[in-house]
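Dropping coords.pdb in here (PDB, C-alpha atoms):
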```pdb
ATOM      1  CA  LYS A 259      -0.454 -11.121 -10.861
ATOM      2  CA  MET A 260       0.485 -11.710 -14.484
ATOM      3  CA  LEU A 261       3.458 -10.242 -16.337
ATOM      4  CA  ALA A 262       3.627 -10.408 -20.140
ATOM      5  CA  ILE A 263       6.531  -9.627 -22.434
ATOM      6  CA  GLY A 264       6.466  -9.235 -26.200
ATOM      7  CA  ASP A 265       8.206  -7.536 -29.100
ATOM      8  CA  GLY A 266       5.689  -7.441 -31.928
ATOM      9  CA  ALA A 267       2.275  -6.182 -32.953
ATOM     10  CA  ASN A 268       0.772  -9.613 -32.332
ATOM     11  CA  ASP A 269       1.682  -9.265 -28.635
ATOM     12  CA  VAL A 270      -0.225  -6.025 -28.052
ATOM     13  CA  ALA A 271      -3.428  -7.699 -26.821
ATOM     14  CA  MET A 272      -1.433  -9.867 -24.414
ATOM     15  CA  LEU A 273       0.492  -6.866 -23.051
ATOM     16  CA  GLN A 274      -2.698  -4.889 -22.468
ATOM     17  CA  ALA A 275      -4.492  -7.806 -20.788
ATOM     18  CA  ALA A 276      -1.665  -8.544 -18.347
ATOM     19  CA  ASP A 277      -1.201  -6.732 -15.042
ATOM     20  CA  VAL A 278       2.237  -5.578 -16.198
ATOM     21  CA  GLY A 279       3.240  -5.465 -19.859
ATOM     22  CA  ILE A 280       6.869  -5.228 -20.970
ATOM     23  CA  GLY A 281       7.710  -4.402 -24.576
ATOM     24  CA  VAL A 282      11.022  -5.275 -26.198
ATOM     25  CA  MET A 283      12.397  -2.988 -28.894
ATOM     26  CA  GLY A 284      12.912  -5.444 -31.727
ATOM     27  CA  LYS A 285      12.815  -5.750 -35.508
ATOM     28  CA  GLU A 286       9.023  -6.100 -35.637
ATOM     29  CA  GLY A 287       8.283  -2.431 -35.150
ATOM     30  CA  ARG A 288       7.369  -0.400 -32.066
ATOM     31  CA  GLN A 289       3.783  -1.508 -31.583
ATOM     32  CA  ALA A 290       4.656  -3.539 -28.486
ATOM     33  CA  VAL A 291       6.707  -0.697 -27.035
ATOM     34  CA  ASN A 292       3.926   1.839 -27.626
ATOM     35  CA  ASN A 293       1.327  -0.308 -25.844
ATOM     36  CA  CYS A 294       3.302  -1.576 -22.840
ATOM     37  CA  ASP A 295       3.858  -0.385 -19.298
ATOM     38  CA  TYR A 296       7.653  -0.677 -19.489
ATOM     39  CA  ALA A 297       9.991  -0.872 -22.467
ATOM     40  CA  ILE A 298      13.468  -2.412 -22.597
ATOM     41  CA  PRO A 299      15.930  -2.421 -25.524
ATOM     42  CA  GLN A 300      17.031  -6.034 -25.046
ATOM     43  CA  PHE A 301      15.680  -9.091 -23.290
ATOM     44  CA  LYS A 302      18.742  -9.325 -21.027
ATOM     45  CA  TYR A 303      17.602  -6.216 -19.155
ATOM     46  CA  LEU A 304      14.509  -8.020 -17.863
ATOM     47  CA  ALA A 305      16.366  -9.390 -14.831
ATOM     48  CA  ARG A 306      17.499  -5.927 -13.726
ATOM     49  CA  LEU A 307      14.052  -4.472 -14.363
ATOM     50  CA  LEU A 308      12.403  -7.033 -12.074
ATOM     51  CA  LEU A 309      15.025  -7.731  -9.426
ATOM     52  CA  VAL A 310      16.363  -4.195  -8.980
ATOM     53  CA  HIS A 311      13.809  -1.643 -10.166
ATOM     54  CA  GLY A 312      10.836  -3.806  -9.219
ATOM     55  CA  THR A 313      12.050  -4.497  -5.689
ATOM     56  CA  ILE A 314      13.189  -0.931  -4.998
ATOM     57  CA  SER A 315       9.998   0.595  -6.426
ATOM     58  CA  HIS A 316       7.859  -1.706  -4.274
ATOM     59  CA  TYR A 317       9.961  -0.867  -1.236
ATOM     60  CA  ARG A 318       9.712   2.898  -1.778
ATOM     61  CA  LEU A 319       6.023   2.954  -2.604
ATOM     62  CA  ALA A 320       5.089   0.861   0.430
ATOM     63  CA  ARG A 321       7.005   3.114   2.796
ATOM     64  CA  LEU A 322       5.702   6.247   1.122
ATOM     65  CA  ILE A 323       2.118   5.165   1.782
ATOM     66  CA  LYS A 324       2.767   4.014   5.350
ATOM     67  CA  TYR A 325       4.664   7.154   6.328
ATOM     68  CA  SER A 326       2.063   9.433   4.738
ATOM     69  CA  PHE A 327      -0.676   7.839   6.838
ATOM     70  CA  TYR A 328       1.575   7.794   9.905
ATOM     71  CA  LYS A 329       2.423  11.519   9.919
ATOM     72  CA  ASN A 330      -1.160  12.609   9.244
ATOM     73  CA  VAL A 331      -2.680  10.272  11.838
ATOM     74  CA  LEU A 332      -0.137  11.491  14.392
ATOM     75  CA  PHE A 333      -1.002  15.130  13.755
ATOM     76  CA  GLY A 334      -4.748  14.563  13.508
ATOM     77  CA  LEU A 335      -4.934  12.571  16.728
ATOM     78  CA  GLY A 336      -3.052  15.344  18.522
ATOM     79  CA  LEU A 337      -5.917  17.681  17.691
ATOM     80  CA  PHE A 338      -8.417  14.969  18.626
ATOM     81  CA  PHE A 339      -6.893  14.332  22.054
ATOM     82  CA  PHE A 340      -7.146  18.027  22.842
ATOM     83  CA  GLN A 341     -10.917  17.919  22.317
ATOM     84  CA  PHE A 342     -11.279  15.968  25.566
ATOM     85  CA  TYR A 343      -9.955  19.055  27.355
ATOM     86  CA  SER A 344     -12.035  21.568  25.387
ATOM     87  CA  SER A 345     -15.401  19.772  25.826
ATOM     88  CA  PHE A 346     -15.372  18.908  22.107
ATOM     89  CA  SER A 347     -15.986  22.547  21.284
ATOM     90  CA  GLY A 348     -13.981  22.319  18.069
ATOM     91  CA  MET A 349     -11.352  24.753  19.318
ATOM     92  CA  ALA A 350      -8.078  24.303  17.422
ATOM     93  CA  LEU A 351      -4.832  23.607  19.231
ATOM     94  CA  VAL A 352      -2.753  25.378  16.585
ATOM     95  CA  SER A 353      -3.509  28.159  14.146
ATOM     96  CA  THR A 354      -4.995  27.487  10.734
ATOM     97  CA  TRP A 355      -1.835  28.600   8.932
ATOM     98  CA  THR A 356       0.378  26.341  11.024
ATOM     99  CA  ALA A 357      -1.874  23.349  10.419
ATOM    100  CA  SER A 358      -1.969  24.082   6.681
ATOM    101  CA  PHE A 359       1.812  24.307   6.423
ATOM    102  CA  TYR A 360       2.272  20.926   8.149
ATOM    103  CA  ASN A 361       1.746  18.940   4.933
ATOM    104  CA  VAL A 362       2.795  21.655   2.493
ATOM    105  CA  PHE A 363       6.209  22.669   3.831
ATOM    106  CA  PHE A 364       7.178  20.873   7.026
ATOM    107  CA  THR A 365       6.693  17.204   6.085
ATOM    108  CA  ALA A 366       6.256  17.061   2.295
ATOM    109  CA  CYS A 367       9.839  17.227   1.028
ATOM    110  CA  PRO A 368      11.519  14.586   3.264
ATOM    111  CA  ILE A 369       9.188  11.766   2.249
ATOM    112  CA  LEU A 370       9.422  12.747  -1.431
ATOM    113  CA  VAL A 371      13.221  12.597  -1.354
ATOM    114  CA  PHE A 372      12.997   9.361   0.646
ATOM    115  CA  ALA A 373      10.750   7.830  -2.025
ATOM    116  CA  MET A 374      13.215   8.815  -4.756
ATOM    117  CA  VAL A 375      16.594   7.789  -3.296
ATOM    118  CA  ASP A 376      16.094   5.268  -0.481
ATOM    119  CA  ARG A 377      16.712   1.566  -1.083
ATOM    120  CA  PRO A 378      16.975  -1.538   1.134
ATOM    121  CA  VAL A 379      20.260  -2.824  -0.362
ATOM    122  CA  SER A 380      22.418  -2.060  -3.377
ATOM    123  CA  PRO A 381      21.457  -3.221  -6.902
ATOM    124  CA  ARG A 382      24.473  -5.546  -6.953
ATOM    125  CA  THR A 383      23.162  -7.416  -3.911
ATOM    126  CA  LEU A 384      19.676  -7.716  -5.387
ATOM    127  CA  LEU A 385      21.132  -9.194  -8.585
ATOM    128  CA  ALA A 386      23.397 -11.552  -6.617
ATOM    129  CA  TYR A 387      20.445 -12.983  -4.632
ATOM    130  CA  PRO A 388      17.535 -13.237  -7.104
ATOM    131  CA  GLU A 389      15.614 -15.629  -4.844
ATOM    132  CA  ALA A 390      15.139 -12.747  -2.383
ATOM    133  CA  TYR A 391      12.822 -10.935  -4.806
ATOM    134  CA  HIS A 392       9.712 -12.753  -3.619
ATOM    135  CA  PHE A 393      10.479 -12.523   0.105
ATOM    136  CA  THR A 394      11.615  -8.896  -0.025
ATOM    137  CA  SER A 395       8.401  -7.862  -1.750
ATOM    138  CA  GLN A 396       6.326  -9.725   0.821
ATOM    139  CA  ALA A 397       8.134  -8.086   3.748
ATOM    140  CA  SER A 398       7.612  -4.606   2.268
ATOM    141  CA  SER A 399       4.012  -5.127   1.199
ATOM    142  CA  LEU A 400       1.106  -3.211   2.650
ATOM    143  CA  THR A 401      -0.620  -6.024   4.458
ATOM    144  CA  GLN A 402      -3.269  -5.180   7.010
ATOM    145  CA  ARG A 403      -0.989  -6.115   9.889
ATOM    146  CA  VAL A 404       1.888  -3.974   8.627
ATOM    147  CA  PHE A 405      -0.348  -1.018   7.844
ATOM    148  CA  TRP A 406      -2.223  -0.958  11.156
ATOM    149  CA  LYS A 407       0.995  -1.359  13.081
ATOM    150  CA  SER A 408       3.254   1.068  11.181
ATOM    151  CA  GLY A 409       0.687   3.514   9.872
ATOM    152  CA  PHE A 410      -1.741   3.704  12.772
ATOM    153  CA  LEU A 411      -0.704   2.096  16.082
ATOM    154  CA  ASP A 412       2.705   3.784  16.219
ATOM    155  CA  ALA A 413       1.054   7.095  15.339
ATOM    156  CA  VAL A 414      -1.528   6.707  18.139
ATOM    157  CA  LEU A 415       1.096   5.997  20.797
ATOM    158  CA  GLN A 416       3.447   8.769  19.703
ATOM    159  CA  SER A 417       0.623  11.267  19.287
ATOM    160  CA  ALA A 418      -0.498  10.601  22.854
ATOM    161  CA  VAL A 419       3.031  11.260  24.107
ATOM    162  CA  CYS A 420       3.435  14.417  21.991
ATOM    163  CA  THR A 421       0.077  15.855  23.135
ATOM    164  CA  LEU A 422      -0.502  14.780  26.719
ATOM    165  CA  LEU A 423       2.991  15.213  28.149
ATOM    166  CA  PRO A 424       3.386  18.867  27.071
ATOM    167  CA  TYR A 425      -0.179  19.609  28.156
ATOM    168  CA  TYR A 426       0.563  18.508  31.720
ATOM    169  CA  LEU A 427       4.270  19.333  31.984
ATOM    170  CA  VAL A 428       4.432  22.912  30.695
ATOM    171  CA  PRO A 429       4.190  25.081  33.839
ATOM    172  CA  SER A 430       3.285  28.734  34.051
ATOM    173  CA  SER A 431       6.074  31.123  33.233
ATOM    174  CA  CYS A 432       6.424  34.743  32.220
ATOM    175  CA  ASP A 433       8.570  36.059  29.432
ATOM    176  CA  THR A 434      10.129  39.350  30.486
ATOM    177  CA  GLY A 435      10.460  40.574  26.921
ATOM    178  CA  SER A 436       6.791  40.355  25.996
ATOM    179  CA  GLY A 437       5.261  40.507  29.455
ATOM    180  CA  ARG A 438       2.999  37.519  28.805
ATOM    181  CA  GLY A 439       2.822  33.967  30.031
ATOM    182  CA  THR A 440       3.871  30.993  27.953
ATOM    183  CA  ASP A 441       1.216  28.595  29.238
ATOM    184  CA  SER A 442      -1.666  29.874  27.134
ATOM    185  CA  LEU A 443      -3.569  27.663  24.707
ATOM    186  CA  TYR A 444      -1.613  28.570  21.597
ATOM    187  CA  ASP A 445       1.727  28.525  23.408
ATOM    188  CA  VAL A 446       1.105  24.948  24.513
ATOM    189  CA  GLY A 447      -0.109  24.242  20.997
ATOM    190  CA  ARG A 448       3.179  25.476  19.525
ATOM    191  CA  ILE A 449       5.115  23.221  21.873
ATOM    192  CA  ILE A 450       2.931  20.238  20.957
ATOM    193  CA  PHE A 451       3.280  21.029  17.247
ATOM    194  CA  THR A 452       7.068  21.240  17.579
ATOM    195  CA  CYS A 453       7.147  17.873  19.357
ATOM    196  CA  ILE A 454       5.020  16.302  16.610
ATOM    197  CA  LEU A 455       7.185  17.717  13.843
ATOM    198  CA  LEU A 456      10.440  16.579  15.434
ATOM    199  CA  THR A 457       8.964  13.112  16.072
ATOM    200  CA  VAL A 458       7.985  12.547  12.437
ATOM    201  CA  THR A 459      11.377  13.907  11.328
ATOM    202  CA  LEU A 460      13.264  11.464  13.553
ATOM    203  CA  GLU A 461      11.000   8.652  12.364
ATOM    204  CA  ILE A 462      11.897   9.112   8.703
ATOM    205  CA  PHE A 463      15.578   9.214   9.619
ATOM    206  CA  LEU A 464      15.132   6.007  11.616
ATOM    207  CA  VAL A 465      13.416   4.018   8.857
ATOM    208  CA  SER A 466      15.748   5.189   6.103
ATOM    209  CA  ARG A 467      18.297   2.626   4.909
ATOM    210  CA  PHE A 468      20.274   4.810   2.494
ATOM    211  CA  ILE A 469      20.885   8.265   3.935
ATOM    212  CA  THR A 470      22.307  10.592   1.288
ATOM    213  CA  THR A 471      23.490  14.159   1.691
ATOM    214  CA  LEU A 472      20.446  15.434  -0.191
ATOM    215  CA  PHE A 473      18.057  13.508   2.056
ATOM    216  CA  ALA A 474      19.779  14.645   5.268
ATOM    217  CA  VAL A 475      19.854  18.319   4.217
ATOM    218  CA  VAL A 476      16.239  18.403   3.004
ATOM    219  CA  THR A 477      14.943  16.652   6.122
ATOM    220  CA  ALA A 478      16.888  18.888   8.498
ATOM    221  CA  LEU A 479      15.824  22.067   6.714
ATOM    222  CA  SER A 480      12.177  20.979   6.733
ATOM    223  CA  PHE A 481      12.248  20.898  10.519
ATOM    224  CA  LEU A 482      14.421  23.984  10.995
ATOM    225  CA  PHE A 483      12.054  25.974   8.767
ATOM    226  CA  LEU A 484       9.604  25.870  11.690
ATOM    227  CA  PHE A 485      11.595  28.385  13.741
ATOM    228  CA  PRO A 486      11.794  31.228  11.186
ATOM    229  CA  PHE A 487       8.155  30.532  10.349
ATOM    230  CA  PHE A 488       7.036  31.095  13.938
ATOM    231  CA  ALA A 489       9.402  34.057  14.350
ATOM    232  CA  VAL A 490       8.497  35.899  11.148
ATOM    233  CA  PHE A 491       4.948  34.973  10.204
ATOM    234  CA  TYR A 492       3.181  36.900  12.961
ATOM    235  CA  ARG A 493       5.211  40.009  12.039
ATOM    236  CA  VAL A 494       4.078  39.651   8.427
ATOM    237  CA  GLU A 495       0.471  39.477   9.610
ATOM    238  CA  ALA A 496       0.965  42.517  11.847
ATOM    239  CA  ALA A 497       2.491  44.487   8.972
ATOM    240  CA  ALA A 498      -0.544  43.622   6.854
ATOM    241  CA  GLY A 499      -2.888  44.811   9.598
ATOM    242  CA  ILE A 500      -4.042  41.302  10.591
ATOM    243  CA  ILE A 501      -4.322  40.695  14.323
ATOM    244  CA  ASP A 502      -4.125  36.962  14.990
ATOM    245  CA  SER A 503      -3.795  35.959  18.630
ATOM    246  CA  ALA A 504      -2.820  32.441  17.595
ATOM    247  CA  GLU A 505       0.351  33.730  15.912
ATOM    248  CA  TRP A 506       1.182  36.606  18.246
ATOM    249  CA  ASP A 507       4.755  36.738  19.586
ATOM    250  CA  SER A 508       5.845  33.162  19.020
ATOM    251  CA  LEU A 509       9.388  34.023  20.096
ATOM    252  CA  ALA A 510       8.202  34.080  23.709
ATOM    253  CA  VAL A 511       7.775  30.303  23.566
ATOM    254  CA  PHE A 512      11.221  29.581  22.096
ATOM    255  CA  GLY A 513      12.899  31.764  24.689
ATOM    256  CA  THR A 514      11.792  29.563  27.582
ATOM    257  CA  GLY A 515      13.282  26.352  28.905
ATOM    258  CA  GLN A 516       9.876  24.649  28.993
ATOM    259  CA  LEU A 517       9.900  24.167  25.237
ATOM    260  CA  TRP A 518      13.360  22.640  25.029
ATOM    261  CA  THR A 519      12.980  20.450  28.119
ATOM    262  CA  THR A 520       9.604  19.123  26.983
ATOM    263  CA  LEU A 521      10.887  18.650  23.437
ATOM    264  CA  LEU A 522      13.847  16.622  24.668
ATOM    265  CA  LEU A 523      11.702  14.465  26.961
ATOM    266  CA  VAL A 524       8.932  13.755  24.454
ATOM    267  CA  CYS A 525      11.210  12.959  21.536
ATOM    268  CA  SER A 526      13.476  10.834  23.734
ATOM    269  CA  ILE A 527      10.515   8.668  24.738
ATOM    270  CA  ASN A 528       9.300   8.293  21.160
ATOM    271  CA  PHE A 529      12.765   7.705  19.741
ATOM    272  CA  VAL A 530      13.790   5.162  22.398
ATOM    273  CA  TYR A 531      10.554   3.227  21.870
ATOM    274  CA  ARG A 532      11.064   3.052  18.104
ATOM    275  CA  PHE A 533      14.798   2.362  18.404
ATOM    276  CA  VAL A 534      14.260  -0.542  20.823
ATOM    277  CA  TYR A 535      11.539  -2.009  18.604
ATOM    278  CA  ARG A 536      13.701  -1.828  15.478
ATOM    279  CA  SER A 537      16.720  -3.228  17.325
ATOM    280  CA  VAL A 538      14.730  -6.250  18.499
ATOM    281  CA  LYS A 539      13.350  -6.646  14.983
ATOM    282  CA  TRP A 540      16.803  -6.602  13.403
ATOM    283  CA  LEU A 541      18.375  -8.912  15.990
ATOM    284  CA  TYR A 542      15.692 -11.573  16.488
ATOM    285  CA  PHE A 543      13.016 -11.250  13.782
ATOM    286  CA  PRO A 544      14.811  -9.898  10.688
ATOM    287  CA  ASP A 545      13.187  -9.683   7.284
ATOM    288  CA  THR A 546      14.961 -10.878   4.171
ATOM    289  CA  ASP A 547      16.084  -7.383   3.205
ATOM    290  CA  MET A 548      17.588  -6.923   6.677
ATOM    291  CA  ILE A 549      19.615 -10.121   6.298
ATOM    292  CA  LEU A 550      20.755  -8.996   2.852
ATOM    293  CA  ALA A 551      21.794  -5.634   4.300
ATOM    294  CA  GLU A 552      23.966  -7.414   6.876
ATOM    295  CA  ILE A 553      25.508  -9.616   4.170
ATOM    296  CA  GLU A 554      26.213  -6.541   2.077
ATOM    297  CA  GLU A 555      27.824  -4.748   5.008
ATOM    298  CA  GLN A 556      30.027  -7.763   5.762
ATOM    299  CA  GLU A 557      31.102  -7.964   2.116
ATOM    300  CA  ARG A 558      31.917  -4.261   2.171
ATOM    301  CA  ARG A 559      34.091  -4.719   5.250
ATOM    302  CA  ASP A 560      35.853  -7.693   3.652
ATOM    303  CA  ARG A 561      36.556  -5.669   0.498
ATOM    304  CA  LYS A 562      37.849  -2.778   2.568
ATOM    305  CA  LYS A 563      40.075  -5.106   4.584
ATOM    306  CA  LYS A 564      41.404  -6.730   1.427
ATOM    307  CA  SER A 565      42.082  -3.317  -0.097
ATOM    308  CA  ARG A 566      44.090  -2.267   2.963
ATOM    309  CA  MET A 567      46.119  -5.466   2.789
ATOM    310  CA  MET A 568      46.844  -4.910  -0.899
ATOM    311  CA  ARG A 569      47.948  -1.327  -0.232
ATOM    312  CA  SER A 570      50.225  -2.447   2.597
ATOM    313  CA  ARG A 571      51.787  -5.102   0.352
ATOM    314  CA  THR A 572      52.315  -2.559  -2.408
ATOM    315  CA  ARG A 573      53.926  -0.172   0.060
ATOM    316  CA  GLY A 574      56.199  -2.921   1.318
ATOM    317  CA  SER A 575      57.259  -3.818  -2.215
ATOM    318  CA  ASP A 576      58.028  -0.171  -2.982
ATOM    319  CA  ASN A 577      60.132   0.169   0.144
ATOM    320  CA  LYS A 578      62.049  -2.990  -0.732
ATOM    321  CA  CYS A 579      62.740  -1.700  -4.243
ATOM    322  CA  CYS A 580      63.968   1.594  -2.824
ATOM    323  CA  GLU A 581      66.336  -0.219  -0.473
ATOM    324  CA  GLU A 582      67.756  -2.296  -3.337
ATOM    325  CA  GLU A 583      68.251   0.814  -5.493
ATOM    326  CA  GLY A 584      70.037   2.549  -2.642
ATOM    327  CA  HIS A 585      72.308  -0.471  -2.186
ATOM    328  CA  ASP A 586      73.182  -0.373  -5.902
ATOM    329  CA  ASP A 587      74.035   3.288  -5.616
ATOM    330  CA  GLU A 588      76.466   2.535  -2.809
ATOM    331  CA  ILE A 589      78.223  -0.107  -4.942
ATOM    332  CA  PHE A 590      78.598   1.757  -8.227
ATOM    333  CA  HIS A 591      78.920   5.339  -6.954
ATOM    334  CA  THR A 592      81.993   5.163  -4.690
ATOM    335  CA  PRO A 593      83.490   8.353  -3.312
ATOM    336  CA  SER A 594      86.284   9.904  -5.410
ATOM    337  CA  ALA A 595      88.649   9.998  -2.396
ATOM    338  CA  VAL A 596      88.631   6.212  -2.225
ATOM    339  CA  VAL A 597      89.358   5.889  -5.927
TER     340      VAL A 597
END
```
Kindly transcribe the structure held in the file into structure tokens.
Amino acid sequence: KMLAIGDGANDVAMLQAADVGIGVMGKEGRQAVNNCDYAIPQFKYLARLLLVHGTISHYRLARLIKYSFYKNVLFGLGLFFFQFYSSFSGMALVSTWTASFYNVFFTACPILVFAMVDRPVSPRTLLAYPEAYHFTSQASSLTQRVFWKSGFLDAVLQSAVCTLLPYYLVPSSCDTGSGRGTDSLYDVGRIIFTCILLTVTLEIFLVSRFITTLFAVVTALSFLFLFPFFAVFYRVEAAAGIIDSAEWDSLAVFGTGQLWTTLLLVCSINFVYRFVYRSVKWLYFPDTDMILAEIEEQERRDRKKKSRMMRSRTRGSDNKCCEEEGHDDEIFHTPSAVV
């Protein structure tokens, strides 16, 4: 890849021919700025543009692509696995509305916020270790090995757990409120869909390096939106005169222990598998950005420790001054009876 930087009209052809063109706002007009990919006011900002914005943008884009494939492969394979039990009749495991809302409401916002705010380390660390730019970009790149492992293999394994375990573990039960069983096709489908949604939600929390309040709230609400959707949507259809057996009385599923027990078991298996893998990766096969994150954390602890020591010293000096002032008061302010 070729990067070109220029500040005049004579550099326009070079900026357009390069893979990335950077224009500097100089005294030779704005021709370079108008024909570049990125513009900077002064040359000194080039280091921050490459080392900070370049690294973080590469990191976010790579994970955005991998997670987008991961969550769609996981959901799609869940429907595919069910076809072995329906003689490949094309019967859907979940309703059309539920499947449509998967990418529109349930999983769209968390990855968008992740791609806007997440970062491997702080900008100060990236500027302090410029040699890590090359290695950090390589570790985050979308190589075939990384893609097939993170975007496909993990999705296949977790989809199998989310689909097959509920299919075999959910026993027959009867909800006394609705008078119907909760082991029908669409009831099992709701349980499987809930397991899939919670799995992809935990996954994005697990891979995030910089969890902000906005990211945590958006991700949690995206999952919790599932429950009012199931509880309200079939009533909206009934009020409109639409009879949809796939959406009928979803509250019967959430009122049983089968859902919560299966949800806990499935997500525990998926989470433990991913947590153990990432722990081994961090401990024995760390990437450059992982090492930098540990260095940054150690520096943060050292600064915090030094700050506590400085505060304790300041407190000690204040106490000593107060004692000396009190001693002076005793000397110069004697009681009148003694005088």
Convert the output of the PyMOL selection byres ((chain A and resi 554-565) around 12) on the shown file into explicit residues, formatted as number ranges by chain.
-> A: 378-384, 386-387, 547-553, 566-572
**Item:** Nearest candidate to Gly447 (chain A) (options A:Ser344, A:Ser326, A:Gln402, A:Thr421; using only C-alpha atoms)
**Value:**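 Smallest separation from Gly447 (chain A) among the options: A:Thr421.
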Evaluate the PyMOL selection byres ((chain A and resi 268-278) around 9) here and jot the selected residues down as a list of chain:residue names.
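Expected selection for the PyMOL selection byres ((chain A and resi 268-278) around 9) here is A:Lys259, A:Met260, A:Leu261, A:Ala262, A:Ile263, A:Gly264, A:Asp265, A:Gly266, A:Ala267, A:Gly279, A:Ile280, A:Gly281, A:Gln289, A:Ala290, A:Val291, A:Asn292, A:Asn293, A:Cys294, A:Asp295, A:Tyr296.
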message: Once the PyMOL selection byres ((chain A and resi 361) around 12) has been evaluated on this model, what residues remain selected, and can you format them as number ranges by chain?
response: A: 326-327, 329-331, 333-334, 355-360, 362-370, 455, 458, 480
What separates CA of Leu304 (chain A) and CA of Ile469 (chain A) is a distance of 27.9 Å
### Task
Mind giving me the straight-line distance from CA of Ala297 (chain A) to CA of Met374 (chain A) in Å, one decimal?
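Atom-to-atom, CA of Ala297 (chain A) to CA of Met374 (chain A), that is 20.4 Å.
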Could you tell me how far CA of Gly336 (chain A) sits from CA of Pro486 (chain A), in Å to one decimal place?
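CA of Pro486 (chain A) sits 22.9 Å away from CA of Gly336 (chain A).
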Considering all atoms listed in the file, can you say which of A:Val428, A:Leu472, A:Ala497, A:Leu335 comes closest to Val414 (chain A)?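 The closest residue to Val414 (chain A) is A:Leu335.
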